$ cat protein10.cif   # mmCIF, C-alpha atoms
data_entry
loop_
_atom_site.group_PDB
_atom_site.id
_atom_site.type_symbol
_atom_site.label_atom_id
_atom_site.label_comp_id
_atom_site.auth_asym_id
_atom_site.auth_seq_id
_atom_site.Cartn_x
_atom_site.Cartn_y
_atom_site.Cartn_z
ATOM 1 C CA MET A 1162 113.717 111.685 58.621
ATOM 2 C CA GLN A 1163 112.822 110.611 55.197
ATOM 3 C CA LEU A 1164 109.188 110.641 54.637
ATOM 4 C CA SER A 1165 108.118 108.685 51.644
ATOM 5 C CA ARG A 1166 104.618 109.768 50.909
ATOM 6 C CA GLY A 1167 102.406 110.343 48.015
ATOM 7 C CA GLY A 1168 100.960 107.016 47.085
ATOM 8 C CA SER A 1169 104.093 104.963 46.803
ATOM 9 C CA GLU A 1170 103.366 101.365 47.741
ATOM 10 C CA SER A 1171 106.695 100.775 49.487
ATOM 11 C CA SER A 1172 106.044 103.217 52.290
ATOM 12 C CA LEU A 1173 108.537 102.268 55.002
ATOM 13 C CA GLN A 1174 107.563 103.752 58.310
ATOM 14 C CA SER A 1175 110.447 105.441 59.980
ATOM 15 C CA GLU A 1176 108.565 106.592 63.090
ATOM 16 C CA ILE A 1177 108.657 104.497 66.226
ATOM 17 C CA ASN A 1178 105.290 103.117 67.144
ATOM 18 C CA ILE A 1179 104.722 104.544 70.586
ATOM 19 C CA THR A 1180 101.183 103.363 71.096
ATOM 20 C CA PRO A 1181 102.219 100.413 73.317
ATOM 21 C CA LEU A 1182 104.353 102.798 75.351
ATOM 22 C CA VAL A 1183 101.385 105.042 75.902
ATOM 23 C CA ASP A 1184 99.296 102.042 76.923
ATOM 24 C CA VAL A 1185 101.817 100.936 79.493
ATOM 25 C CA VAL A 1186 102.277 104.404 80.913
ATOM 26 C CA LEU A 1187 98.546 104.967 81.207
ATOM 27 C CA VAL A 1188 98.131 101.688 83.032
ATOM 28 C CA LEU A 1189 100.963 102.635 85.407
ATOM 29 C CA LEU A 1190 99.280 105.966 85.981
ATOM 30 C CA ILE A 1191 95.996 104.312 86.831
ATOM 31 C CA ILE A 1192 97.740 101.893 89.199
ATOM 32 C CA PHE A 1193 99.377 104.765 91.028
ATOM 33 C CA MET A 1194 96.142 106.723 91.225
ATOM 34 C CA VAL A 1195 94.392 103.759 92.785
ATOM 35 C CA VAL A 1196 97.149 102.864 95.215
ATOM 36 C CA VAL A 1197 97.716 106.404 96.462
ATOM 37 C CA PRO A 1198 95.336 106.020 99.416
ATOM 38 C CA LEU A 1199 97.808 103.477 100.672
ATOM 39 C CA LEU A 1200 96.704 100.251 102.130
ATOM 40 C CA MET A 1201 96.792 99.796 105.855
ATOM 41 C CA GLN A 1202 97.535 96.772 107.943
ATOM 42 C CA GLY A 1203 96.679 96.052 111.521
ATOM 43 C CA TYR A 1204 94.567 94.108 113.977
ATOM 44 C CA ASP A 1205 90.840 93.984 114.505
ATOM 45 C CA ILE A 1206 89.910 94.470 118.097
ATOM 46 C CA ASP A 1207 86.667 94.393 119.982
ATOM 47 C CA ILE A 1208 86.027 96.472 123.009
ATOM 48 C CA PRO A 1209 83.450 94.875 125.249
ATOM 49 C CA ARG A 1210 80.918 97.300 126.631
ATOM 50 C CA SER A 1211 82.866 98.355 129.649
ATOM 51 C CA SER A 1212 81.810 97.256 133.122
ATOM 52 C CA ALA A 1213 78.047 97.019 132.467
ATOM 53 C CA ASP A 1214 77.611 93.546 131.025
ATOM 54 C CA PRO A 1215 80.283 90.972 131.720
ATOM 55 C CA VAL A 1216 81.197 90.212 128.179
ATOM 56 C CA ALA A 1217 78.324 88.459 126.490
ATOM 57 C CA ALA A 1218 77.927 85.012 125.042
ATOM 58 C CA GLN A 1219 81.231 83.204 124.863
ATOM 59 C CA ALA A 1220 82.333 84.553 128.190
ATOM 60 C CA ALA A 1221 79.543 82.690 129.895
ATOM 61 C CA GLU A 1222 81.371 79.494 129.144
ATOM 62 C CA SER A 1223 85.085 79.653 129.778
ATOM 63 C CA PRO A 1224 86.771 82.826 128.637
ATOM 64 C CA LEU A 1225 90.347 82.429 127.615
ATOM 65 C CA ILE A 1226 92.207 85.284 129.170
ATOM 66 C CA LEU A 1227 95.676 86.315 128.191
ATOM 67 C CA SER A 1228 97.122 88.672 130.714
ATOM 68 C CA ILE A 1229 100.299 90.642 130.452
ATOM 69 C CA GLU A 1230 101.698 92.112 133.630
ATOM 70 C CA PRO A 1231 104.588 94.543 133.786
ATOM 71 C CA THR A 1232 106.142 92.508 136.603
ATOM 72 C CA ALA A 1233 106.438 89.422 134.412
ATOM 73 C CA CYS A 1234 107.070 91.146 131.132
ATOM 74 C CA HIS A 1235 109.303 94.174 131.005
ATOM 75 C CA ILE A 1236 108.069 96.033 127.978
ATOM 76 C CA LEU A 1237 107.662 99.401 129.583
ATOM 77 C CA GLY A 1238 109.820 101.552 127.378
ATOM 78 C CA PRO A 1239 110.110 101.650 123.612
ATOM 79 C CA LEU A 1240 111.320 98.371 122.198
ATOM 80 C CA ALA A 1241 114.613 98.055 120.434
ATOM 81 C CA GLY A 1242 114.637 95.980 117.309
ATOM 82 C CA GLU A 1243 112.027 93.375 116.588
ATOM 83 C CA GLY A 1244 110.260 90.806 118.679
ATOM 84 C CA ILE A 1245 109.804 90.972 122.409
ATOM 85 C CA PRO A 1246 112.360 90.373 125.177
ATOM 86 C CA ALA A 1247 113.124 86.697 125.779
ATOM 87 C CA ASP A 1248 112.378 86.974 129.485
ATOM 88 C CA CYS A 1249 108.871 88.266 128.875
ATOM 89 C CA ARG A 1250 106.348 85.916 130.454
ATOM 90 C CA VAL A 1251 102.636 86.073 129.880
ATOM 91 C CA SER A 1252 99.843 84.145 131.473
ATOM 92 C CA LEU A 1253 97.170 82.403 129.502
ATOM 93 C CA ALA A 1254 94.364 80.709 131.379
ATOM 94 C CA ASP A 1255 96.337 81.055 134.620
ATOM 95 C CA GLU A 1256 99.374 79.348 133.193
ATOM 96 C CA LYS A 1257 102.603 81.290 132.955
ATOM 97 C CA PHE A 1258 105.089 80.758 130.174
ATOM 98 C CA PRO A 1259 107.463 82.780 127.996
ATOM 99 C CA ALA A 1260 105.700 84.861 125.370
ATOM 100 C CA ALA A 1261 107.510 83.031 122.589
ATOM 101 C CA GLU A 1262 105.482 79.904 123.371
ATOM 102 C CA LEU A 1263 102.227 81.762 123.002
ATOM 103 C CA PRO A 1264 101.345 80.637 119.444
ATOM 104 C CA ALA A 1265 101.703 76.980 120.447
ATOM 105 C CA HIS A 1266 99.567 77.377 123.566
ATOM 106 C CA VAL A 1267 96.864 79.321 121.752
ATOM 107 C CA ALA A 1268 96.807 76.739 118.986
ATOM 108 C CA GLU A 1269 96.516 73.956 121.523
ATOM 109 C CA ILE A 1270 93.616 75.529 123.382
ATOM 110 C CA LEU A 1271 91.662 77.081 120.533
ATOM 111 C CA GLY A 1272 92.796 75.025 117.554
ATOM 112 C CA GLY A 1273 89.991 72.499 117.872
ATOM 113 C CA GLN A 1274 87.280 75.101 118.390
ATOM 114 C CA PRO A 1275 84.956 76.297 115.665
ATOM 115 C CA PRO A 1276 85.939 79.743 114.386
ATOM 116 C CA GLU A 1277 83.140 81.578 116.195
ATOM 117 C CA LYS A 1278 84.437 80.307 119.525
ATOM 118 C CA ARG A 1279 87.992 81.408 118.926
ATOM 119 C CA VAL A 1280 87.910 84.370 121.215
ATOM 120 C CA LEU A 1281 90.799 85.611 123.250
ATOM 121 C CA PHE A 1282 90.403 88.163 125.989
ATOM 122 C CA LEU A 1283 93.462 90.280 126.369
ATOM 123 C CA ALA A 1284 94.101 91.958 129.667
ATOM 124 C CA ALA A 1285 97.156 94.126 129.390
ATOM 125 C CA ALA A 1286 98.391 96.477 132.064
ATOM 126 C CA ASP A 1287 98.170 100.169 131.247
ATOM 127 C CA GLY A 1288 101.841 100.814 131.864
ATOM 128 C CA LEU A 1289 103.038 98.528 129.097
ATOM 129 C CA ASN A 1290 104.424 99.789 125.856
ATOM 130 C CA TYR A 1291 101.812 99.817 123.111
ATOM 131 C CA GLU A 1292 104.094 98.286 120.533
ATOM 132 C CA GLY A 1293 104.990 95.473 122.924
ATOM 133 C CA VAL A 1294 101.329 94.668 123.506
ATOM 134 C CA LEU A 1295 100.687 94.598 119.764
ATOM 135 C CA ARG A 1296 103.604 92.238 119.266
ATOM 136 C CA ILE A 1297 102.245 89.850 121.872
ATOM 137 C CA LEU A 1298 98.845 90.143 120.232
ATOM 138 C CA ASP A 1299 100.525 89.312 116.945
ATOM 139 C CA LEU A 1300 102.024 86.183 118.478
ATOM 140 C CA ALA A 1301 98.640 85.118 119.818
ATOM 141 C CA LYS A 1302 97.007 85.690 116.439
ATOM 142 C CA SER A 1303 99.635 83.641 114.674
ATOM 143 C CA GLY A 1304 98.588 80.619 116.738
ATOM 144 C CA VAL A 1305 95.200 80.068 115.117
ATOM 145 C CA GLU A 1306 93.347 81.476 112.147
ATOM 146 C CA ASN A 1307 90.445 83.884 112.618
ATOM 147 C CA LEU A 1308 91.168 84.633 116.224
ATOM 148 C CA LYS A 1309 88.887 87.286 117.636
ATOM 149 C CA VAL A 1310 90.438 89.480 120.252
ATOM 150 C CA GLU A 1311 88.689 91.530 122.862
ATOM 151 C CA PHE A 1312 90.414 93.879 125.215
ATOM 152 C CA ILE A 1313 89.356 93.773 128.794
ATOM 153 C CA THR A 1314 90.554 95.615 131.826
ATOM 154 C CA THR A 1315 91.792 93.686 134.774
ATOM 155 C CA ASN A 1316 90.388 95.871 137.499
ATOM 156 C CA MET B 322 99.383 115.694 55.443
ATOM 157 C CA GLN B 323 99.943 113.226 58.207
ATOM 158 C CA ALA B 324 97.040 110.909 58.767
ATOM 159 C CA SER B 325 98.062 109.685 62.248
ATOM 160 C CA ILE B 326 97.342 111.754 65.337
ATOM 161 C CA ASN B 327 100.398 113.262 66.935
ATOM 162 C CA ILE B 328 100.397 111.731 70.382
ATOM 163 C CA THR B 329 103.698 113.122 71.622
ATOM 164 C CA PRO B 330 102.039 115.886 73.705
ATOM 165 C CA LEU B 331 99.721 113.292 75.200
ATOM 166 C CA VAL B 332 102.680 111.171 76.229
ATOM 167 C CA ASP B 333 104.338 114.237 77.725
ATOM 168 C CA VAL B 334 101.319 115.092 79.793
ATOM 169 C CA VAL B 335 100.794 111.535 80.950
ATOM 170 C CA LEU B 336 104.426 111.138 81.951
ATOM 171 C CA VAL B 337 104.313 114.355 83.936
ATOM 172 C CA LEU B 338 101.129 113.206 85.685
ATOM 173 C CA LEU B 339 102.791 109.901 86.455
ATOM 174 C CA ILE B 340 105.780 111.625 88.001
ATOM 175 C CA ILE B 341 103.537 113.921 90.033
ATOM 176 C CA PHE B 342 101.638 110.949 91.416
ATOM 177 C CA MET B 343 104.829 109.048 92.201
ATOM 178 C CA VAL B 344 106.198 111.988 94.125
ATOM 179 C CA MET B 345 102.966 112.798 95.903
ATOM 180 C CA ALA B 346 102.037 109.263 96.897
ATOM 181 C CA PRO B 347 103.927 109.178 100.195
ATOM 182 C CA GLN B 348 102.571 112.563 101.232
ATOM 183 C CA MET B 349 98.942 111.914 100.549
ATOM 184 C CA ARG B 350 98.204 109.905 103.656
ATOM 185 C CA LYS B 351 95.640 111.303 105.958
ATOM 186 C CA GLY B 352 96.523 112.343 109.449
ATOM 187 C CA PRO B 353 99.755 113.262 111.171
ATOM 188 C CA ASP B 354 102.981 111.369 110.934
ATOM 189 C CA VAL B 355 102.839 108.510 113.347
ATOM 190 C CA ASN B 356 105.582 106.068 114.084
ATOM 191 C CA LEU B 357 103.471 102.930 113.775
ATOM 192 C CA PRO B 358 104.345 99.830 115.773
ATOM 193 C CA ASN B 359 106.236 97.127 113.942
ATOM 194 C CA THR B 360 104.747 93.684 114.158
ATOM 195 C CA ALA B 361 105.317 90.426 112.350
ATOM 196 C CA LYS B 362 102.009 89.673 110.651
ATOM 197 C CA PRO B 363 99.425 92.418 110.725
ATOM 198 C CA SER B 364 96.364 91.520 108.692
ATOM 199 C CA ASP B 365 94.872 93.573 105.916
ATOM 200 C CA GLN B 366 92.819 96.581 106.950
ATOM 201 C CA GLY B 367 91.903 97.813 103.512
ATOM 202 C CA ASP B 368 92.685 101.303 102.371
ATOM 203 C CA GLU B 369 92.156 104.607 104.059
ATOM 204 C CA ARG B 370 89.070 105.618 102.184
ATOM 205 C CA GLY B 371 85.889 105.059 104.104
ATOM 206 C CA ARG B 372 87.769 104.703 107.355
ATOM 207 C CA ILE B 373 87.797 107.100 110.220
ATOM 208 C CA LEU B 374 91.410 107.500 111.174
ATOM 209 C CA VAL B 375 92.031 108.205 114.800
ATOM 210 C CA SER B 376 95.683 108.960 115.306
ATOM 211 C CA ILE B 377 97.527 109.377 118.551
ATOM 212 C CA ASP B 378 100.910 110.910 118.111
ATOM 213 C CA GLU B 379 103.921 110.812 120.343
ATOM 214 C CA GLU B 380 102.738 113.843 122.314
ATOM 215 C CA ARG B 381 99.448 112.053 123.031
ATOM 216 C CA VAL B 382 97.527 114.438 120.841
ATOM 217 C CA MET B 383 94.501 112.801 119.301
ATOM 218 C CA TRP B 384 93.655 113.394 115.692
ATOM 219 C CA ILE B 385 90.553 112.521 113.768
ATOM 220 C CA ASN B 386 91.584 112.281 110.154
ATOM 221 C CA ASP B 387 93.477 115.547 109.680
ATOM 222 C CA GLN B 388 92.222 117.461 112.674
ATOM 223 C CA PRO B 389 93.733 117.506 116.143
ATOM 224 C CA VAL B 390 90.966 117.048 118.686
ATOM 225 C CA ALA B 391 90.799 117.834 122.371
ATOM 226 C CA SER B 392 89.902 114.799 124.419
ATOM 227 C CA GLU B 393 86.800 116.411 125.923
ATOM 228 C CA HIS B 394 85.305 116.904 122.447
ATOM 229 C CA PHE B 395 86.444 113.571 121.121
ATOM 230 C CA GLY B 396 83.077 111.838 121.045
ATOM 231 C CA GLU B 397 81.185 114.540 119.200
ATOM 232 C CA ALA B 398 84.076 115.158 116.819
ATOM 233 C CA LEU B 399 84.109 111.476 115.988
ATOM 234 C CA ARG B 400 80.380 111.357 115.309
ATOM 235 C CA GLU B 401 80.733 114.457 113.186
ATOM 236 C CA ALA B 402 83.532 112.866 111.180
ATOM 237 C CA VAL B 403 81.390 109.840 110.544
ATOM 238 C CA GLY B 404 78.458 111.935 109.376
ATOM 239 C CA ALA B 405 75.865 109.899 107.550
ATOM 240 C CA GLU B 406 78.162 107.084 106.571
ATOM 241 C CA PRO B 407 76.191 103.877 106.864
ATOM 242 C CA ASN B 408 78.928 101.499 107.900
ATOM 243 C CA PRO B 409 81.702 103.422 109.593
ATOM 244 C CA ARG B 410 84.901 101.713 110.535
ATOM 245 C CA VAL B 411 87.278 103.302 112.983
ATOM 246 C CA VAL B 412 90.946 102.568 113.029
ATOM 247 C CA ILE B 413 93.553 103.727 115.513
ATOM 248 C CA ARG B 414 96.982 104.723 114.427
ATOM 249 C CA GLY B 415 98.891 104.859 117.667
ATOM 250 C CA ASP B 416 102.511 105.778 118.052
ATOM 251 C CA ALA B 417 104.776 102.868 118.985
ATOM 252 C CA ARG B 418 106.157 104.763 121.956
ATOM 253 C CA LEU B 419 102.833 105.235 123.687
ATOM 254 C CA LYS B 420 101.797 103.370 126.776
ATOM 255 C CA PHE B 421 99.098 100.800 126.233
ATOM 256 C CA GLY B 422 96.840 102.602 128.707
ATOM 257 C CA GLU B 423 96.807 105.734 126.573
ATOM 258 C CA VAL B 424 95.613 103.756 123.580
ATOM 259 C CA ARG B 425 93.122 101.870 125.721
ATOM 260 C CA ARG B 426 91.519 105.110 126.873
ATOM 261 C CA VAL B 427 91.064 106.158 123.260
ATOM 262 C CA MET B 428 89.512 102.786 122.462
ATOM 263 C CA GLU B 429 87.078 103.299 125.292
ATOM 264 C CA ALA B 430 86.292 106.785 124.057
ATOM 265 C CA ILE B 431 85.546 105.338 120.625
ATOM 266 C CA ASP B 432 83.394 102.694 122.240
ATOM 267 C CA GLN B 433 81.506 105.311 124.227
ATOM 268 C CA ALA B 434 80.902 107.298 121.061
ATOM 269 C CA GLY B 435 78.980 104.276 119.848
ATOM 270 C CA PHE B 436 81.377 102.387 117.623
ATOM 271 C CA ARG B 437 81.920 98.722 118.090
ATOM 272 C CA GLY B 438 85.335 97.340 117.282
ATOM 273 C CA VAL B 439 88.356 99.154 116.031
ATOM 274 C CA GLY B 440 91.382 98.291 113.988
ATOM 275 C CA LEU B 441 94.784 98.875 115.461
ATOM 276 C CA ILE B 442 97.089 99.860 112.665
ATOM 277 C CA ALA B 443 100.579 98.492 112.624
ATOM 278 C CA LYS B 444 103.169 98.049 109.979
ATOM 279 C CA ARG B 445 104.813 94.862 108.914
ATOM 280 C CA ALA B 446 108.300 94.602 110.285
ATOM 281 C CA GLY B 447 110.804 94.866 107.486
ATOM 282 C CA ALA B 448 112.493 92.085 105.562
ATOM 283 C CA LYS B 449 112.884 89.859 108.571
ATOM 284 C CA GLY B 450 109.921 87.544 108.793
ATOM 285 C CA GLU B 451 108.983 84.059 109.696
#

$ encode --input "protein10.cif" --output "structure tokens"
Amino acid sequence: MQLSRGGSESSLQSEINITPLVDVVLVLLIIFMVVVPLLMQGYDIDIPRSSADPVAAQAAESPLILSIEPTACHILGPLAGEGIPADCRVSLADEKFPAAELPAHVAEILGGQPPEKRVLFLAAADGLNYEGVLRILDLAKSGVENLKVEFITTN
Amino acid sequence: MQASINITPLVDVVLVLLIIFMVMAPQMRKGPDVNLPNTAKPSDQGDERGRILVSIDEERVMWINDQPVASEHFGEALREAVGAEPNPRVVIRGDARLKFGEVRRVMEAIDQAGFRGVGLIAKRAGAKGE
């Protein structure tokens, strides 16, 4: 370290300028501090006031009901891997088809509707695996944008 | 007589803080460890602050934020957790191995406690996507 000081005009700086480093590190620190309460992802669900009023406004017209029965769709235990079993059949508006076709059917029925009328009522049997139900819900939601989902009970 | 401020200690401290935050980040989540369901395209639910986290773990124990709660006290515990928050938002972190009915009962309990709409938390299935 040769320090040339004392008023000489050719003062070469031998120290590394670490100010940019400090800037970057501080910014990283702030990013981490902000991200720590990690972001969550999931699905918005409505629960209609149980039993009392038969599901308000939209229901008065023609509710679109997606029902998942354990007899048609075997997702009782924990699921292995991703997706749902190929033989899983769901029924949408009284029509039965494999769950994989759900996005297309939902898009066909609700695609032309204004966003506020895109409501799907999901009736899933209690015995089904929670993850399986969420995956079917995910399929339904991938059919149209802004799909509102309400859970109803079948009985 | 150095005119510039010596910032080496500052850098030290900041680096240590950075490392602490990096290490702590995964452990700072609220609530118990829950094996969240994997789905293809969960939508954004914002961050955990300002949310009431209702977790249901594999043993069907319900948690509100960090506290395990007995089902008979669930409603009052939930209202207590909300406190005076003007616009509370309740999310359910349910274990992937639960039965749907167990989650449904919790949703109804939340509904009965006076909250409309919940978020069901999932996690995006890894790498494989459409």

$ residues_around --input "protein10.cif" --residues "Gly1272 (chain A)" --least-positions-apart "6" --cutoff "12 Å" --atoms "only C-alpha atoms" --output "PDB file with C-alpha atoms, keeping the file's coordinate frame"
ATOM      1  CA  PRO A1264     101.345  80.637 119.444  1.00  0.00           C
ATOM      2  CA  ALA A1265     101.703  76.980 120.447  1.00  0.00           C
ATOM      3  CA  HIS A1266      99.567  77.377 123.566  1.00  0.00           C
ATOM      4  CA  LYS A1278      84.437  80.307 119.525  1.00  0.00           C
ATOM      5  CA  ARG A1279      87.992  81.408 118.926  1.00  0.00           C
ATOM      6  CA  VAL A1280      87.910  84.370 121.215  1.00  0.00           C
ATOM      7  CA  ALA A1301      98.640  85.118 119.818  1.00  0.00           C
ATOM      8  CA  LYS A1302      97.007  85.690 116.439  1.00  0.00           C
ATOM      9  CA  SER A1303      99.635  83.641 114.674  1.00  0.00           C
ATOM     10  CA  GLY A1304      98.588  80.619 116.738  1.00  0.00           C
ATOM     11  CA  VAL A1305      95.200  80.068 115.117  1.00  0.00           C
ATOM     12  CA  GLU A1306      93.347  81.476 112.147  1.00  0.00           C
ATOM     13  CA  ASN A1307      90.445  83.884 112.618  1.00  0.00           C
ATOM     14  CA  LEU A1308      91.168  84.633 116.224  1.00  0.00           C
TER      15      LEU A1308
END

$ interface_residues --input "protein10.cif" --of "chain B" --to "chain A" --cutoff "9 Å" --atoms "all atoms listed in the file" --output "PDB file with C-alpha atoms, in the coordinates of the input"
ATOM      1  CA  ILE B 328     100.397 111.731  70.382  1.00  0.00           C
ATOM      2  CA  THR B 329     103.698 113.122  71.622  1.00  0.00           C
ATOM      3  CA  LEU B 331      99.721 113.292  75.200  1.00  0.00           C
ATOM      4  CA  VAL B 332     102.680 111.171  76.229  1.00  0.00           C
ATOM      5  CA  VAL B 335     100.794 111.535  80.950  1.00  0.00           C
ATOM      6  CA  LEU B 336     104.426 111.138  81.951  1.00  0.00           C
ATOM      7  CA  LEU B 338     101.129 113.206  85.685  1.00  0.00           C
ATOM      8  CA  LEU B 339     102.791 109.901  86.455  1.00  0.00           C
ATOM      9  CA  ILE B 340     105.780 111.625  88.001  1.00  0.00           C
ATOM     10  CA  PHE B 342     101.638 110.949  91.416  1.00  0.00           C
ATOM     11  CA  MET B 343     104.829 109.048  92.201  1.00  0.00           C
ATOM     12  CA  MET B 345     102.966 112.798  95.903  1.00  0.00           C
ATOM     13  CA  ALA B 346     102.037 109.263  96.897  1.00  0.00           C
ATOM     14  CA  PRO B 347     103.927 109.178 100.195  1.00  0.00           C
ATOM     15  CA  MET B 349      98.942 111.914 100.549  1.00  0.00           C
ATOM     16  CA  ARG B 350      98.204 109.905 103.656  1.00  0.00           C
ATOM     17  CA  LYS B 351      95.640 111.303 105.958  1.00  0.00           C
ATOM     18  CA  LEU B 357     103.471 102.930 113.775  1.00  0.00           C
ATOM     19  CA  PRO B 358     104.345  99.830 115.773  1.00  0.00           C
ATOM     20  CA  ASN B 359     106.236  97.127 113.942  1.00  0.00           C
ATOM     21  CA  THR B 360     104.747  93.684 114.158  1.00  0.00           C
ATOM     22  CA  ALA B 361     105.317  90.426 112.350  1.00  0.00           C
ATOM     23  CA  LYS B 362     102.009  89.673 110.651  1.00  0.00           C
ATOM     24  CA  PRO B 363      99.425  92.418 110.725  1.00  0.00           C
ATOM     25  CA  SER B 364      96.364  91.520 108.692  1.00  0.00           C
ATOM     26  CA  ASP B 365      94.872  93.573 105.916  1.00  0.00           C
ATOM     27  CA  GLN B 366      92.819  96.581 106.950  1.00  0.00           C
ATOM     28  CA  GLY B 367      91.903  97.813 103.512  1.00  0.00           C
ATOM     29  CA  ASP B 368      92.685 101.303 102.371  1.00  0.00           C
ATOM     30  CA  GLU B 369      92.156 104.607 104.059  1.00  0.00           C
ATOM     31  CA  ARG B 370      89.070 105.618 102.184  1.00  0.00           C
ATOM     32  CA  VAL B 412      90.946 102.568 113.029  1.00  0.00           C
ATOM     33  CA  GLY B 415      98.891 104.859 117.667  1.00  0.00           C
ATOM     34  CA  ASP B 416     102.511 105.778 118.052  1.00  0.00           C
ATOM     35  CA  ALA B 417     104.776 102.868 118.985  1.00  0.00           C
ATOM     36  CA  ARG B 418     106.157 104.763 121.956  1.00  0.00           C
ATOM     37  CA  LEU B 419     102.833 105.235 123.687  1.00  0.00           C
ATOM     38  CA  LYS B 420     101.797 103.370 126.776  1.00  0.00           C
ATOM     39  CA  PHE B 421      99.098 100.800 126.233  1.00  0.00           C
ATOM     40  CA  GLY B 422      96.840 102.602 128.707  1.00  0.00           C
ATOM     41  CA  GLU B 423      96.807 105.734 126.573  1.00  0.00           C
ATOM     42  CA  VAL B 424      95.613 103.756 123.580  1.00  0.00           C
ATOM     43  CA  ARG B 425      93.122 101.870 125.721  1.00  0.00           C
ATOM     44  CA  MET B 428      89.512 102.786 122.462  1.00  0.00           C
ATOM     45  CA  GLU B 429      87.078 103.299 125.292  1.00  0.00           C
ATOM     46  CA  ASP B 432      83.394 102.694 122.240  1.00  0.00           C
ATOM     47  CA  GLN B 433      81.506 105.311 124.227  1.00  0.00           C
ATOM     48  CA  ARG B 437      81.920  98.722 118.090  1.00  0.00           C
ATOM     49  CA  GLY B 438      85.335  97.340 117.282  1.00  0.00           C
ATOM     50  CA  VAL B 439      88.356  99.154 116.031  1.00  0.00           C
ATOM     51  CA  GLY B 440      91.382  98.291 113.988  1.00  0.00           C
ATOM     52  CA  LEU B 441      94.784  98.875 115.461  1.00  0.00           C
ATOM     53  CA  ILE B 442      97.089  99.860 112.665  1.00  0.00           C
ATOM     54  CA  ALA B 443     100.579  98.492 112.624  1.00  0.00           C
ATOM     55  CA  LYS B 444     103.169  98.049 109.979  1.00  0.00           C
ATOM     56  CA  ARG B 445     104.813  94.862 108.914  1.00  0.00           C
ATOM     57  CA  ALA B 446     108.300  94.602 110.285  1.00  0.00           C
ATOM     58  CA  LYS B 449     112.884  89.859 108.571  1.00  0.00           C
TER      59      LYS B 449
END

$ residues_around --input "protein10.cif" --residues "Gln388 (chain B)" --least-positions-apart "6" --cutoff "10 Å" --atoms "all atoms listed in the file" --output "number ranges by chain"
B: 351-353, 375-376, 398, 402

$ atom_distance --input "protein10.cif" --atom1 "CA of Ala1254 (chain A)" --atom2 "CA of Leu1225 (chain A)"
5.8 Å

$ atom_distance --input "protein10.cif" --atom1 "CA of Ser1223 (chain A)" --atom2 "CA of Gln1274 (chain A)"
12.5 Å

$ atom_distance --input "protein10.cif" --atom1 "CA of Val1185 (chain A)" --atom2 "CA of Val337 (chain B)"
14.4 Å

$ axis_aligned_box --input "protein10.cif" --around "region 422-437 of chain B" --padding-each-side "5 Å" --output "lines of an AutoDock Vina configuration file"
center_x = 87.9
center_y = 103.0
center_z = 123.2
size_x = 27.9
size_y = 18.6
size_z = 21.1

$ build_atoms --input "protein10.cif" --residues "region 1227-1238 of chain A" --atoms "N, CA and C atoms" --output "PDB file, keeping the file's coordinate frame"
ATOM      1  N   LEU A1227      94.232  86.145 128.279  1.00  0.00           N
ATOM      2  CA  LEU A1227      95.676  86.315 128.191  1.00  0.00           C
ATOM      3  C   LEU A1227      96.014  87.579 128.958  1.00  0.00           C
ATOM      4  N   SER A1228      96.795  87.441 130.001  1.00  0.00           N
ATOM      5  CA  SER A1228      97.122  88.672 130.714  1.00  0.00           C
ATOM      6  C   SER A1228      98.617  88.933 130.691  1.00  0.00           C
ATOM      7  N   ILE A1229      98.905  90.211 130.536  1.00  0.00           N
ATOM      8  CA  ILE A1229     100.299  90.642 130.452  1.00  0.00           C
ATOM      9  C   ILE A1229     100.527  91.619 131.595  1.00  0.00           C
ATOM     10  N   GLU A1230     101.422  91.262 132.478  1.00  0.00           N
ATOM     11  CA  GLU A1230     101.698  92.112 133.630  1.00  0.00           C
ATOM     12  C   GLU A1230     103.108  92.689 133.511  1.00  0.00           C
ATOM     13  N   PRO A1231     103.259  93.937 133.900  1.00  0.00           N
ATOM     14  CA  PRO A1231     104.588  94.543 133.786  1.00  0.00           C
ATOM     15  C   PRO A1231     105.624  93.866 134.675  1.00  0.00           C
ATOM     16  N   THR A1232     105.182  93.181 135.732  1.00  0.00           N
ATOM     17  CA  THR A1232     106.142  92.508 136.603  1.00  0.00           C
ATOM     18  C   THR A1232     106.746  91.287 135.913  1.00  0.00           C
ATOM     19  N   ALA A1233     105.945  90.629 135.078  1.00  0.00           N
ATOM     20  CA  ALA A1233     106.438  89.422 134.412  1.00  0.00           C
ATOM     21  C   ALA A1233     107.025  89.721 133.042  1.00  0.00           C
ATOM     22  N   CYS A1234     106.621  90.826 132.479  1.00  0.00           N
ATOM     23  CA  CYS A1234     107.070  91.146 131.132  1.00  0.00           C
ATOM     24  C   CYS A1234     107.495  92.603 131.070  1.00  0.00           C
ATOM     25  N   HIS A1235     108.797  92.801 130.991  1.00  0.00           N
ATOM     26  CA  HIS A1235     109.303  94.174 131.005  1.00  0.00           C
ATOM     27  C   HIS A1235     109.268  94.808 129.628  1.00  0.00           C
ATOM     28  N   ILE A1236     108.124  95.296 129.234  1.00  0.00           N
ATOM     29  CA  ILE A1236     108.069  96.033 127.978  1.00  0.00           C
ATOM     30  C   ILE A1236     107.496  97.406 128.283  1.00  0.00           C
ATOM     31  N   LEU A1237     108.175  98.105 129.154  1.00  0.00           N
ATOM     32  CA  LEU A1237     107.662  99.401 129.583  1.00  0.00           C
ATOM     33  C   LEU A1237     108.084 100.515 128.640  1.00  0.00           C
ATOM     34  N   GLY A1238     109.327 100.499 128.260  1.00  0.00           N
ATOM     35  CA  GLY A1238     109.820 101.552 127.378  1.00  0.00           C
ATOM     36  C   GLY A1238     109.693 101.138 125.936  1.00  0.00           C
TER      37      GLY A1238
END
